[in-house]
Structures are given as structure tokens and as C-alpha cells.
>>> print(open('model-v3.pdb').read())   # PDB, C-alpha atoms and all ligand atoms
MODEL        1
ATOM      1  CA  MET A   1     -16.557 -26.986   7.009
ATOM      2  CA  ALA A   2     -19.112 -24.799   5.190
ATOM      3  CA  ALA A   3     -17.662 -22.203   2.861
ATOM      4  CA  PHE A   4     -17.390 -18.652   4.170
ATOM      5  CA  THR A   5     -19.560 -16.334   2.075
ATOM      6  CA  LEU A   6     -19.100 -12.626   1.517
ATOM      7  CA  ALA A   7     -21.964 -10.644  -0.020
ATOM      8  CA  HIS A   8     -21.072  -7.441  -1.843
ATOM      9  CA  LEU A   9     -23.529  -4.693  -2.637
ATOM     10  CA  SER A  10     -22.937  -1.069  -3.435
ATOM     11  CA  ASP A  11     -24.360   2.349  -4.272
ATOM     12  CA  PRO A  12     -27.833   2.099  -2.691
ATOM     13  CA  HIS A  13     -28.208   5.905  -3.102
ATOM     14  CA  LEU A  14     -30.898   5.454  -0.499
ATOM     15  CA  PRO A  15     -34.251   6.629  -1.849
ATOM     16  CA  PRO A  16     -36.384   8.625  -1.260
ATOM     17  CA  LEU A  17     -34.313  11.797  -1.052
ATOM     18  CA  PRO A  18     -35.585  14.102   1.734
ATOM     19  CA  VAL A  19     -36.679  17.559   0.552
ATOM     20  CA  PRO A  20     -33.621  19.796   1.025
ATOM     21  CA  GLN A  21     -33.636  23.081   2.935
ATOM     22  CA  VAL A  22     -33.319  26.023   0.559
ATOM     23  CA  SER A  23     -29.983  26.897   2.181
ATOM     24  CA  GLU A  24     -28.687  23.415   1.332
ATOM     25  CA  LEU A  25     -29.251  23.923  -2.381
ATOM     26  CA  LEU A  26     -26.558  26.486  -2.961
ATOM     27  CA  GLY A  27     -23.726  25.378  -5.250
ATOM     28  CA  LYS A  28     -23.157  21.757  -6.192
ATOM     29  CA  ARG A  29     -26.152  20.380  -4.299
ATOM     30  CA  GLY A  30     -28.539  22.531  -6.396
ATOM     31  CA  LEU A  31     -27.375  20.827  -9.574
ATOM     32  CA  GLY A  32     -27.435  17.441  -7.867
ATOM     33  CA  TYR A  33     -30.995  18.013  -6.682
ATOM     34  CA  LEU A  34     -32.080  18.971 -10.194
ATOM     35  CA  ASN A  35     -30.458  15.792 -11.499
ATOM     36  CA  TRP A  36     -32.213  13.772  -8.778
ATOM     37  CA  THR A  37     -35.676  15.189  -9.495
ATOM     38  CA  ARG A  38     -35.318  14.974 -13.274
ATOM     39  CA  ASN A  39     -33.491  11.641 -13.596
ATOM     40  CA  ARG A  40     -32.140   9.686 -10.702
ATOM     41  CA  ARG A  41     -35.288   9.315  -8.639
ATOM     42  CA  GLN A  42     -36.874   7.330 -11.481
ATOM     43  CA  TYR A  43     -34.038   4.804 -11.377
ATOM     44  CA  HIS A  44     -33.083   4.518  -7.710
ATOM     45  CA  ARG A  45     -36.048   2.831  -6.060
ATOM     46  CA  ARG A  46     -36.643   1.748  -2.517
ATOM     47  CA  ASP A  47     -38.824  -1.189  -3.589
ATOM     48  CA  VAL A  48     -35.922  -2.516  -5.709
ATOM     49  CA  LEU A  49     -33.452  -2.096  -2.850
ATOM     50  CA  ASP A  50     -35.738  -3.861  -0.389
ATOM     51  CA  VAL A  51     -36.226  -6.882  -2.678
ATOM     52  CA  LEU A  52     -32.480  -7.121  -3.304
ATOM     53  CA  VAL A  53     -31.535  -6.893   0.370
ATOM     54  CA  SER A  54     -34.104  -9.451   1.478
ATOM     55  CA  ASP A  55     -32.873 -11.851  -1.227
ATOM     56  CA  MET A  56     -29.310 -11.329  -0.036
ATOM     57  CA  GLN A  57     -30.287 -11.926   3.583
ATOM     58  CA  ALA A  58     -32.046 -15.158   2.558
ATOM     59  CA  GLN A  59     -28.632 -16.435   1.392
ATOM     60  CA  VAL A  60     -27.386 -15.919   4.977
ATOM     61  CA  PRO A  61     -23.963 -14.544   4.015
ATOM     62  CA  SER A  62     -21.214 -14.797   6.632
ATOM     63  CA  HIS A  63     -20.352 -11.135   6.050
ATOM     64  CA  ILE A  64     -21.615  -8.206   3.954
ATOM     65  CA  ALA A  65     -19.557  -5.466   2.287
ATOM     66  CA  VAL A  66     -21.159  -2.176   1.195
ATOM     67  CA  THR A  67     -18.860  -0.064  -0.966
ATOM     68  CA  GLY A  68     -20.274   3.427  -0.666
ATOM     69  CA  ASP A  69     -22.738   5.972  -2.040
ATOM     70  CA  LEU A  70     -25.230   5.206   0.716
ATOM     71  CA  VAL A  71     -26.674   8.721   0.389
ATOM     72  CA  ASN A  72     -27.136  11.146  -2.503
ATOM     73  CA  LEU A  73     -26.430  14.799  -1.715
ATOM     74  CA  ALA A  74     -25.107  14.217   1.822
ATOM     75  CA  LEU A  75     -27.963  16.319   3.249
ATOM     76  CA  GLU A  76     -28.172  16.266   7.048
ATOM     77  CA  ALA A  77     -31.591  14.606   6.757
ATOM     78  CA  GLU A  78     -30.202  11.694   4.697
ATOM     79  CA  PHE A  79     -27.896  10.208   7.316
ATOM     80  CA  ALA A  80     -30.429   8.981   9.907
ATOM     81  CA  PRO A  81     -32.519   7.025   7.334
ATOM     82  CA  ALA A  82     -29.317   5.656   5.788
ATOM     83  CA  LEU A  83     -28.134   4.421   9.188
ATOM     84  CA  ALA A  84     -31.533   2.836   9.844
ATOM     85  CA  TRP A  85     -31.269   1.097   6.475
ATOM     86  CA  LEU A  86     -27.739  -0.149   7.164
ATOM     87  CA  ARG A  87     -28.805  -1.471  10.578
ATOM     88  CA  ALA A  88     -31.573  -3.393   8.828
ATOM     89  CA  VAL A  89     -28.964  -4.873   6.447
ATOM     90  CA  GLY A  90     -27.037  -6.224   9.424
ATOM     91  CA  PRO A  91     -25.193  -5.427  12.669
ATOM     92  CA  PRO A  92     -21.754  -3.734  12.546
ATOM     93  CA  ASP A  93     -19.828  -6.949  13.242
ATOM     94  CA  ARG A  94     -21.398  -8.560  10.142
ATOM     95  CA  VAL A  95     -21.358  -5.555   7.809
ATOM     96  CA  THR A  96     -18.390  -3.458   6.688
ATOM     97  CA  ALA A  97     -18.912  -0.185   4.817
ATOM     98  CA  VAL A  98     -16.619   2.248   3.046
ATOM     99  CA  PRO A  99     -17.674   5.710   1.801
ATOM    100  CA  GLY A 100     -18.318   6.835  -1.772
ATOM    101  CA  ASN A 101     -18.164  10.253  -3.398
ATOM    102  CA  HIS A 102     -21.862  10.948  -2.709
ATOM    103  CA  ASP A 103     -21.248  10.334   1.010
ATOM    104  CA  ALA A 104     -18.824  13.285   1.018
ATOM    105  CA  TYR A 105     -20.742  15.293  -1.581
ATOM    106  CA  VAL A 106     -19.937  18.716  -0.110
ATOM    107  CA  ARG A 107     -17.458  20.050   2.442
ATOM    108  CA  ALA A 108     -20.137  21.030   4.955
ATOM    109  CA  THR A 109     -21.107  17.412   5.691
ATOM    110  CA  ARG A 110     -18.000  15.486   4.659
ATOM    111  CA  HIS A 111     -17.511  14.312   8.270
ATOM    112  CA  ARG A 112     -21.076  12.981   8.648
ATOM    113  CA  PHE A 113     -20.464   9.584   7.053
ATOM    114  CA  ALA A 114     -17.700   8.683   9.515
ATOM    115  CA  GLU A 115     -19.838   9.951  12.406
ATOM    116  CA  SER A 116     -23.023   8.186  11.377
ATOM    117  CA  PHE A 117     -21.565   4.855  10.330
ATOM    118  CA  ALA A 118     -18.619   4.714  12.747
ATOM    119  CA  ASP A 119     -19.511   1.233  14.005
ATOM    120  CA  TYR A 120     -19.474  -0.101  10.437
ATOM    121  CA  LEU A 121     -16.123   1.523   9.597
ATOM    122  CA  ARG A 122     -14.120   0.805  12.700
ATOM    123  CA  GLY A 123     -11.222  -1.596  12.304
ATOM    124  CA  ASP A 124     -10.748  -4.394  14.848
ATOM    125  CA  ASP A 125      -7.979  -2.525  16.675
ATOM    126  CA  ALA A 126      -9.106   1.030  16.011
ATOM    127  CA  SER A 127     -10.951   3.329  18.369
ATOM    128  CA  ASP A 128     -12.361   5.414  15.515
ATOM    129  CA  ALA A 129     -12.830   5.268  11.749
ATOM    130  CA  THR A 130      -9.404   5.450  10.136
ATOM    131  CA  PHE A 131      -8.431   4.205   6.706
ATOM    132  CA  PRO A 132      -7.230   1.732   5.737
ATOM    133  CA  LEU A 133      -9.556  -0.095   8.098
ATOM    134  CA  LEU A 134      -8.734  -3.705   8.923
ATOM    135  CA  ARG A 135     -11.229  -6.324   9.986
ATOM    136  CA  ARG A 136     -10.680 -10.052  10.359
ATOM    137  CA  ARG A 137     -13.762 -12.168   9.775
ATOM    138  CA  GLY A 138     -13.407 -15.962   9.457
ATOM    139  CA  PRO A 139     -10.767 -16.607   6.776
ATOM    140  CA  LEU A 140     -11.075 -13.020   5.480
ATOM    141  CA  LEU A 141      -9.043  -9.976   6.103
ATOM    142  CA  LEU A 142     -11.131  -6.995   4.974
ATOM    143  CA  ILE A 143      -9.140  -3.891   4.105
ATOM    144  CA  GLY A 144     -11.306  -0.800   3.592
ATOM    145  CA  LEU A 145     -10.182   2.393   1.857
ATOM    146  CA  SER A 146     -11.769   5.819   1.577
ATOM    147  CA  THR A 147     -11.723   7.567  -1.797
ATOM    148  CA  ALA A 148     -14.479   9.980  -0.717
ATOM    149  CA  VAL A 149     -13.522  13.629  -1.050
ATOM    150  CA  PRO A 150     -15.738  16.620  -1.875
ATOM    151  CA  THR A 151     -15.288  17.650  -5.516
ATOM    152  CA  PRO A 152     -16.458  20.593  -7.659
ATOM    153  CA  ALA A 153     -19.795  20.427  -9.507
ATOM    154  CA  PHE A 154     -19.950  17.855 -12.341
ATOM    155  CA  MET A 155     -16.998  15.941 -10.864
ATOM    156  CA  ALA A 156     -17.316  12.504  -9.256
ATOM    157  CA  THR A 157     -13.650  11.702  -8.839
ATOM    158  CA  GLY A 158     -12.119  10.018  -5.809
ATOM    159  CA  THR A 159      -8.727  10.380  -4.184
ATOM    160  CA  LEU A 160      -6.903   8.215  -1.652
ATOM    161  CA  GLY A 161      -4.050  10.606  -0.890
ATOM    162  CA  ARG A 162      -0.437   9.876  -0.142
ATOM    163  CA  ALA A 163      -0.896   9.145   3.570
ATOM    164  CA  GLN A 164      -3.532   6.462   2.962
ATOM    165  CA  LEU A 165      -1.524   4.890   0.132
ATOM    166  CA  GLU A 166       1.577   4.740   2.318
ATOM    167  CA  ALA A 167      -0.390   3.260   5.206
ATOM    168  CA  LEU A 168      -1.867   0.681   2.828
ATOM    169  CA  GLY A 169       1.593  -0.304   1.585
ATOM    170  CA  GLN A 170       2.861  -0.682   5.145
ATOM    171  CA  THR A 171      -0.205  -2.681   6.181
ATOM    172  CA  LEU A 172       0.049  -5.069   3.227
ATOM    173  CA  SER A 173       3.786  -5.460   3.761
ATOM    174  CA  ARG A 174       3.136  -6.431   7.385
ATOM    175  CA  LEU A 175       0.549  -8.963   6.203
ATOM    176  CA  ALA A 176       2.786 -10.510   3.549
ATOM    177  CA  HIS A 177       2.902 -13.866   5.316
ATOM    178  CA  ASP A 178      -0.591 -13.766   6.748
ATOM    179  CA  ASP A 179      -2.702 -16.753   5.811
ATOM    180  CA  ALA A 180      -5.934 -14.774   5.375
ATOM    181  CA  PHE A 181      -7.793 -14.124   2.116
ATOM    182  CA  ARG A 182      -7.274 -10.383   1.675
ATOM    183  CA  VAL A 183     -10.231  -8.455   0.278
ATOM    184  CA  LEU A 184      -9.789  -4.776  -0.556
ATOM    185  CA  LEU A 185     -12.953  -2.618  -0.402
ATOM    186  CA  VAL A 186     -12.895   0.663  -2.306
ATOM    187  CA  HIS A 187     -15.666   2.773  -3.842
ATOM    188  CA  HIS A 188     -14.028   3.870  -7.107
ATOM    189  CA  PRO A 189     -12.932   1.422  -9.821
ATOM    190  CA  LEU A 190      -9.204   0.968 -10.367
ATOM    191  CA  ARG A 191      -9.370   1.747 -14.074
ATOM    192  CA  SER A 192     -11.677   4.318 -15.635
ATOM    193  CA  ALA A 193     -11.869   5.965 -19.025
ATOM    194  CA  SER A 194     -13.796   8.880 -17.528
ATOM    195  CA  MET A 195     -11.850  11.922 -16.353
ATOM    196  CA  ILE A 196     -14.800  13.071 -14.254
ATOM    197  CA  LYS A 197     -15.436   9.740 -12.517
ATOM    198  CA  ARG A 198     -11.957   8.323 -12.048
ATOM    199  CA  LEU A 199      -9.864   7.623  -8.994
ATOM    200  CA  THR A 200      -7.217  10.313  -9.396
ATOM    201  CA  ASP A 201      -4.426   8.275  -7.790
ATOM    202  CA  ALA A 202      -5.376   4.909  -9.292
ATOM    203  CA  PRO A 203      -1.854   4.454 -10.798
ATOM    204  CA  GLU A 204      -0.339   4.735  -7.306
ATOM    205  CA  LEU A 205      -2.877   2.235  -5.891
ATOM    206  CA  LEU A 206      -2.176  -0.192  -8.749
ATOM    207  CA  ALA A 207       1.546   0.088  -7.979
ATOM    208  CA  VAL A 208       0.971  -0.730  -4.279
ATOM    209  CA  LEU A 209      -1.154  -3.752  -5.234
ATOM    210  CA  LYS A 210       1.390  -4.927  -7.804
ATOM    211  CA  ARG A 211       4.066  -4.829  -5.144
ATOM    212  CA  HIS A 212       2.208  -6.266  -2.150
ATOM    213  CA  GLY A 213      -0.919  -7.946  -3.549
ATOM    214  CA  VAL A 214      -4.363  -8.733  -2.205
ATOM    215  CA  ASP A 215      -6.597 -11.634  -3.243
ATOM    216  CA  LEU A 216      -9.714  -9.760  -4.378
ATOM    217  CA  VAL A 217     -10.751  -6.122  -4.904
ATOM    218  CA  LEU A 218     -14.426  -5.075  -4.662
ATOM    219  CA  HIS A 219     -15.757  -1.691  -5.761
ATOM    220  CA  GLY A 220     -18.880   0.225  -6.808
ATOM    221  CA  HIS A 221     -19.330   3.702  -8.376
ATOM    222  CA  ASP A 222     -19.765   2.622 -12.028
ATOM    223  CA  HIS A 223     -23.189   1.027 -11.358
ATOM    224  CA  VAL A 224     -22.394  -1.818 -13.797
ATOM    225  CA  HIS A 225     -21.208  -5.423 -13.607
ATOM    226  CA  SER A 226     -17.484  -5.567 -14.233
ATOM    227  CA  THR A 227     -14.488  -7.806 -13.724
ATOM    228  CA  ILE A 228     -10.953  -6.833 -14.623
ATOM    229  CA  TRP A 229      -7.638  -8.414 -13.686
ATOM    230  CA  ILE A 230      -4.710  -6.387 -12.424
ATOM    231  CA  ASP A 231      -1.108  -7.315 -11.789
ATOM    232  CA  GLY A 232      -0.136  -8.666  -8.385
ATOM    233  CA  PRO A 233       3.267  -9.777  -7.109
ATOM    234  CA  SER A 234       2.614 -13.352  -8.251
ATOM    235  CA  GLY A 235      -0.140 -13.526 -10.861
ATOM    236  CA  THR A 236      -3.240 -11.456 -11.389
ATOM    237  CA  ILE A 237      -5.845 -10.117  -8.968
ATOM    238  CA  PRO A 238      -9.589 -10.006  -9.772
ATOM    239  CA  VAL A 239     -11.255  -6.601  -9.402
ATOM    240  CA  VAL A 240     -15.053  -6.877  -9.352
ATOM    241  CA  GLY A 241     -17.648  -4.106  -9.589
ATOM    242  CA  VAL A 242     -21.381  -4.377  -8.978
ATOM    243  CA  PRO A 243     -24.442  -2.341 -10.119
ATOM    244  CA  SER A 244     -26.303   0.038  -7.827
ATOM    245  CA  ALA A 245     -28.329  -1.921  -5.253
ATOM    246  CA  SER A 246     -31.419   0.250  -5.853
ATOM    247  CA  ALA A 247     -31.367   0.620  -9.652
ATOM    248  CA  ARG A 248     -34.025  -0.154 -12.176
ATOM    249  CA  ALA A 249     -32.409  -0.958 -15.533
ATOM    250  CA  HIS A 250     -31.979   2.197 -17.627
ATOM    251  CA  GLY A 251     -29.778   3.049 -20.587
ATOM    252  CA  HIS A 252     -26.656   0.915 -20.338
ATOM    253  CA  TYR A 253     -27.077   0.532 -16.584
ATOM    254  CA  PRO A 254     -28.322  -2.881 -15.461
ATOM    255  CA  ALA A 255     -30.891  -3.516 -12.761
ATOM    256  CA  ALA A 256     -29.793  -3.895  -9.155
ATOM    257  CA  ALA A 257     -27.614  -6.882  -8.313
ATOM    258  CA  TYR A 258     -25.199  -8.146  -5.703
ATOM    259  CA  ASN A 259     -22.342 -10.629  -5.684
ATOM    260  CA  LEU A 260     -21.910 -13.527  -3.320
ATOM    261  CA  PHE A 261     -18.363 -14.845  -2.981
ATOM    262  CA  SER A 262     -17.891 -18.329  -1.506
ATOM    263  CA  LEU A 263     -14.479 -19.014  -0.163
ATOM    264  CA  ALA A 264     -12.909 -22.372   0.574
ATOM    265  CA  ARG A 265      -9.437 -23.779   1.007
ATOM    266  CA  ASP A 266      -8.005 -25.685  -1.953
ATOM    267  CA  GLY A 267      -4.806 -27.213  -0.596
ATOM    268  CA  ALA A 268      -2.469 -24.326   0.092
ATOM    269  CA  ALA A 269      -4.462 -21.983  -2.141
ATOM    270  CA  TRP A 270      -7.925 -20.427  -1.978
ATOM    271  CA  ARG A 271     -10.901 -21.235  -4.149
ATOM    272  CA  CYS A 272     -13.300 -18.330  -4.653
ATOM    273  CA  GLN A 273     -16.580 -18.706  -6.483
ATOM    274  CA  GLN A 274     -18.690 -15.705  -7.488
ATOM    275  CA  MET A 275     -22.458 -15.914  -7.727
ATOM    276  CA  VAL A 276     -24.303 -12.926  -9.192
ATOM    277  CA  ARG A 277     -27.910 -12.422  -8.147
ATOM    278  CA  GLY A 278     -30.042  -9.572  -9.447
ATOM    279  CA  ILE A 279     -33.500  -8.171  -9.989
ATOM    280  CA  ASP A 280     -35.507  -8.909 -13.136
ATOM    281  CA  GLU A 281     -38.133  -6.694 -14.777
ATOM    282  CA  LYS A 282     -40.836  -8.210 -12.521
ATOM    283  CA  LEU A 283     -38.843  -7.133  -9.482
ATOM    284  CA  GLN A 284     -37.945 -10.695  -8.586
ATOM    285  CA  ALA A 285     -34.437 -11.683  -7.569
ATOM    286  CA  ARG A 286     -32.716 -14.532  -9.384
ATOM    287  CA  GLU A 287     -29.296 -15.989 -10.023
ATOM    288  CA  ILE A 288     -27.708 -14.410 -13.087
ATOM    289  CA  ARG A 289     -24.338 -16.109 -13.240
ATOM    290  CA  ARG A 290     -21.933 -18.324 -11.320
ATOM    291  CA  THR A 291     -18.195 -18.313 -11.990
ATOM    292  CA  ARG A 292     -15.078 -19.588 -10.340
ATOM    293  CA  LEU A 293     -12.871 -16.523  -9.910
ATOM    294  CA  ILE A 294      -9.827 -18.130  -8.346
TER     295      ILE A 294
HETATM  296 FE    FE A 301     -23.026   5.647  -7.088
HETATM  297 FE    FE A 302     -19.914   6.949  -6.705
ENDMDL
END
>>> encode(input="model-v3.pdb", output="C-alpha cells", more="lines below")
Ligand SMILES: [Fe+2]
Ligand SMILES: [Fe+2]
Amino acid sequence: MAAFTLAHLSDPHLPPLPVPQVSELLGKRGLGYLNWTRNRRQYHRRDVLDVLVSDMQAQVPSHIAVTGDLVNLALEAEFAPALAWLRAVGPPDRVTAVPGNHDAYVRATRHRFAESFADYLRGDDASDATFPLLRRRGPLLLIGLSTAVPTPAFMATGTLGRAQLEALGQTLSRLAHDDAFRVLLVHHPLRSASMIKRLTDAPELLAVLKRHGVDLVLHGHDHVHSTIWIDGPSGTIPVVGVPSASARAHGHYPAAAYNLFSLARDGAAWRCQQMVRGIDEKLQAREIRRTRLI
């Protein structure tokens, strides 16, 4: 049987940013817009994103995970183009998304992500978008979390909250003897040195994962390649982050890339290989690295 493949991309920050209404620029969005016009629009490029996505689609992944920051300032005018983009990535049964902090940038539109992308967030047994979301696809069990909460200016933190953490613990406990390969999707990384970018209840999430375990954690937010290992109930769990899917290389941020995880049975255990593909300076996609994770 052919291996099941899961593609992971994150943080498209879909460019171009529509011109905001003046009334939308009060408060945090004003600073964000200034940052976009002065910096971010040079680095988040639609041509980069389009090359990356078409390369990913050429690999014909069995499923695609998108871990948040689909939009930038969560302007009303950003959601329709972002939905059109996500539909072009794939249909809702083949693509699972979770929100990032930019998708809930301000209180006024914090509900728009769930409304716009409902079909991509809905769990198999759920009538609406509730987290943790659960989707079974081939040998995978995808578990999606939301860390997206509006924050004050200059803050890009995320928070799960007690209710979601408790629901996650109960869900994982119920799945303790499930044969599936459990993949946790979350926007924020599980460890961060930055007070302004961290997941505020990361210690509580790490405790849930240490107790109940999953097989792989995928995240975005940092816009860099990263792999760390955290404690699980029996051994360690890989936690893998990926650069922004629309980024040109700048500073210490690498150019856009995505990960492709191939999953196969190895006796009673799973074998998971990670292939990293990314964009080079000529805007061509190529394989960067291949590693056996598990
Ligand atoms: Fe981001
Ligand atoms: Fe983010």
C-alpha cells in the first residue's frame, strides 16, 4: 500500500493586503498596517506562495494541514480572497486549517475566521467549528486546536484556555487505545523564548501531551524551520514548525517552505519520514532535506 502523505504549510499571510477603510485603522490595526506597508509586504509575496502551493500539489499529498495566519489584519476584505485561496489549495475534505493570531487580530472580526473557513475547521462529528477539532483521514487522526485570541498592540501571544485544554485531555484519554497516528495542529510553537510571541498556556499543553501523548505536533507562527522533541507518556514526541508559505528570505527568516510527511506501518509502530521542500532565490521549488522522524 502506498504511504499516506500529509503536507504541512503555514502562515501564508495572504498577499496583497486590501487597502483598509480609515475606520478600520484605529488602534492595533493602524500599527499593523504601518508594519505591513513598511516591511511585511516586501517579504510576503503572492508569486512565492503560488509557486510553493503548485509544487506541493504536484506531490499529490493525501491531506494538507494549514496552521494559521491566513490573513494579516483580519480586515473584512481579507476573508473572501483568503477563502478563494484556500479553496484553490484543496477541498475541505482534503485540507484542515486551524487559526493563527493574525486571523483573530482584533475583537471586531475575531469570529470571521470560523465563519469563513467553517468547512475546513469542522470535525467529522461536529456541526460547527469547535476546538479541539477531530478528523480521521486514512491512518491519521488530526486534532486541531485554536490559540487565536485578540491581543493588545505589539503582542502576538496565543492562548488555548482551560476549557480547550480539558477537552483535549479528555479527547486524548478516550483515544488512548486508538490505532491511528495522532497529529496535533496548533498555530503557536510549544516552546518560545519570546514573551510577546509565546503560547501563554504552553506549560499546561505540554503537561497534557506528557500525560496522554500524540505522535506528531505541527505548528507555524515562528516563520522558521524547527524541530524540537517533547516528553510523551512513552518516549518523545516530535514538534515541527515550518516557515511562512509566502516568504522571501529576509534577515534570519528563511524562504517559503512546506513539509511532506510520509507515513507507513512498521510492524506495530509507525514510520514517519519528513521531506522539506522550499523556494530558492530563483523562485524555484526544490527538496531541501529528507529525514526519518520516527
Ligand atoms: Fe505568521
Ligand atoms: Fe502567528
>>> residues_around(input="model-v3.pdb", residues="Gly251 in chain A", least_positions_apart="4", cutoff="12 Å", atoms="only C-alpha atoms", output="list in words")
Asn39, Tyr43, His223, Val224, Ala247 and Ala255 of chain A
>>> residues_near_ligand(input="model-v3.pdb", ligand="ligand FE 302 (chain A)", cutoff="10 Å", atoms="all atoms listed in the file", output="PyMOL selection string")
chain A and resi 10-11+13+67-72+99-103+105+147-148+156-158+187-189+197-198+219-223+244
>>> residues_around(input="model-v3.pdb", residues="range 46-63 of chain A", least_positions_apart="6", cutoff="8 Å", atoms="all atoms listed in the file", output="JSON, numbers by chain")
{"A": [4, 5, 6, 7, 12, 14, 15, 16, 89, 94, 95, 96, 137, 245, 246, 247, 248, 256, 257, 258, 260, 278, 279, 283, 284, 285]}
>>> closest_residue(input="model-v3.pdb", among="A:Ala104, A:Asp231, A:Ser262, A:Glu24", to="ligand FE 301 (chain A)", atoms="all atoms listed in the file")
A:Ala104
>>> residues_near_point(input="model-v3.pdb", point="(-12.6, -23.2, 1.9)", cutoff="10 Å", atoms="all atoms listed in the file", output="NGL selection string")
:A and (1-5 or 139 or 262-267 or 269-272)
>>> atom_distance(input="model-v3.pdb", atom1="CA of Asp201 in chain A", atom2="CA of Leu140 in chain A")
26.0 Å
>>> resolve_selection(input="model-v3.pdb", expression="the PyMOL selection byres (((chain A and resi 142) around 8) and not hetatm)", output="number ranges by chain")
A: 133-137, 140-141, 143-144, 182-185
>>> atom_distance(input="model-v3.pdb", atom1="CA of Glu204 in chain A", atom2="CA of Val240 in chain A")
18.9 Å
>>> closest_residue(input="model-v3.pdb", among="A:Arg40, A:Ala202, A:His212, A:Glu78", to="ligand FE 301 (chain A)", atoms="only C-alpha atoms and all ligand atoms")
A:Arg40
>>> closest_residue(input="model-v3.pdb", among="A:Glu281, A:Arg162, A:His44, A:His177", to="ligand FE 301 (chain A)", atoms="only C-alpha atoms and all ligand atoms")
A:His44
>>> atom_distance(input="model-v3.pdb", atom1="CA of Leu206 in chain A", atom2="CA of Arg289 in chain A")
27.7 Å
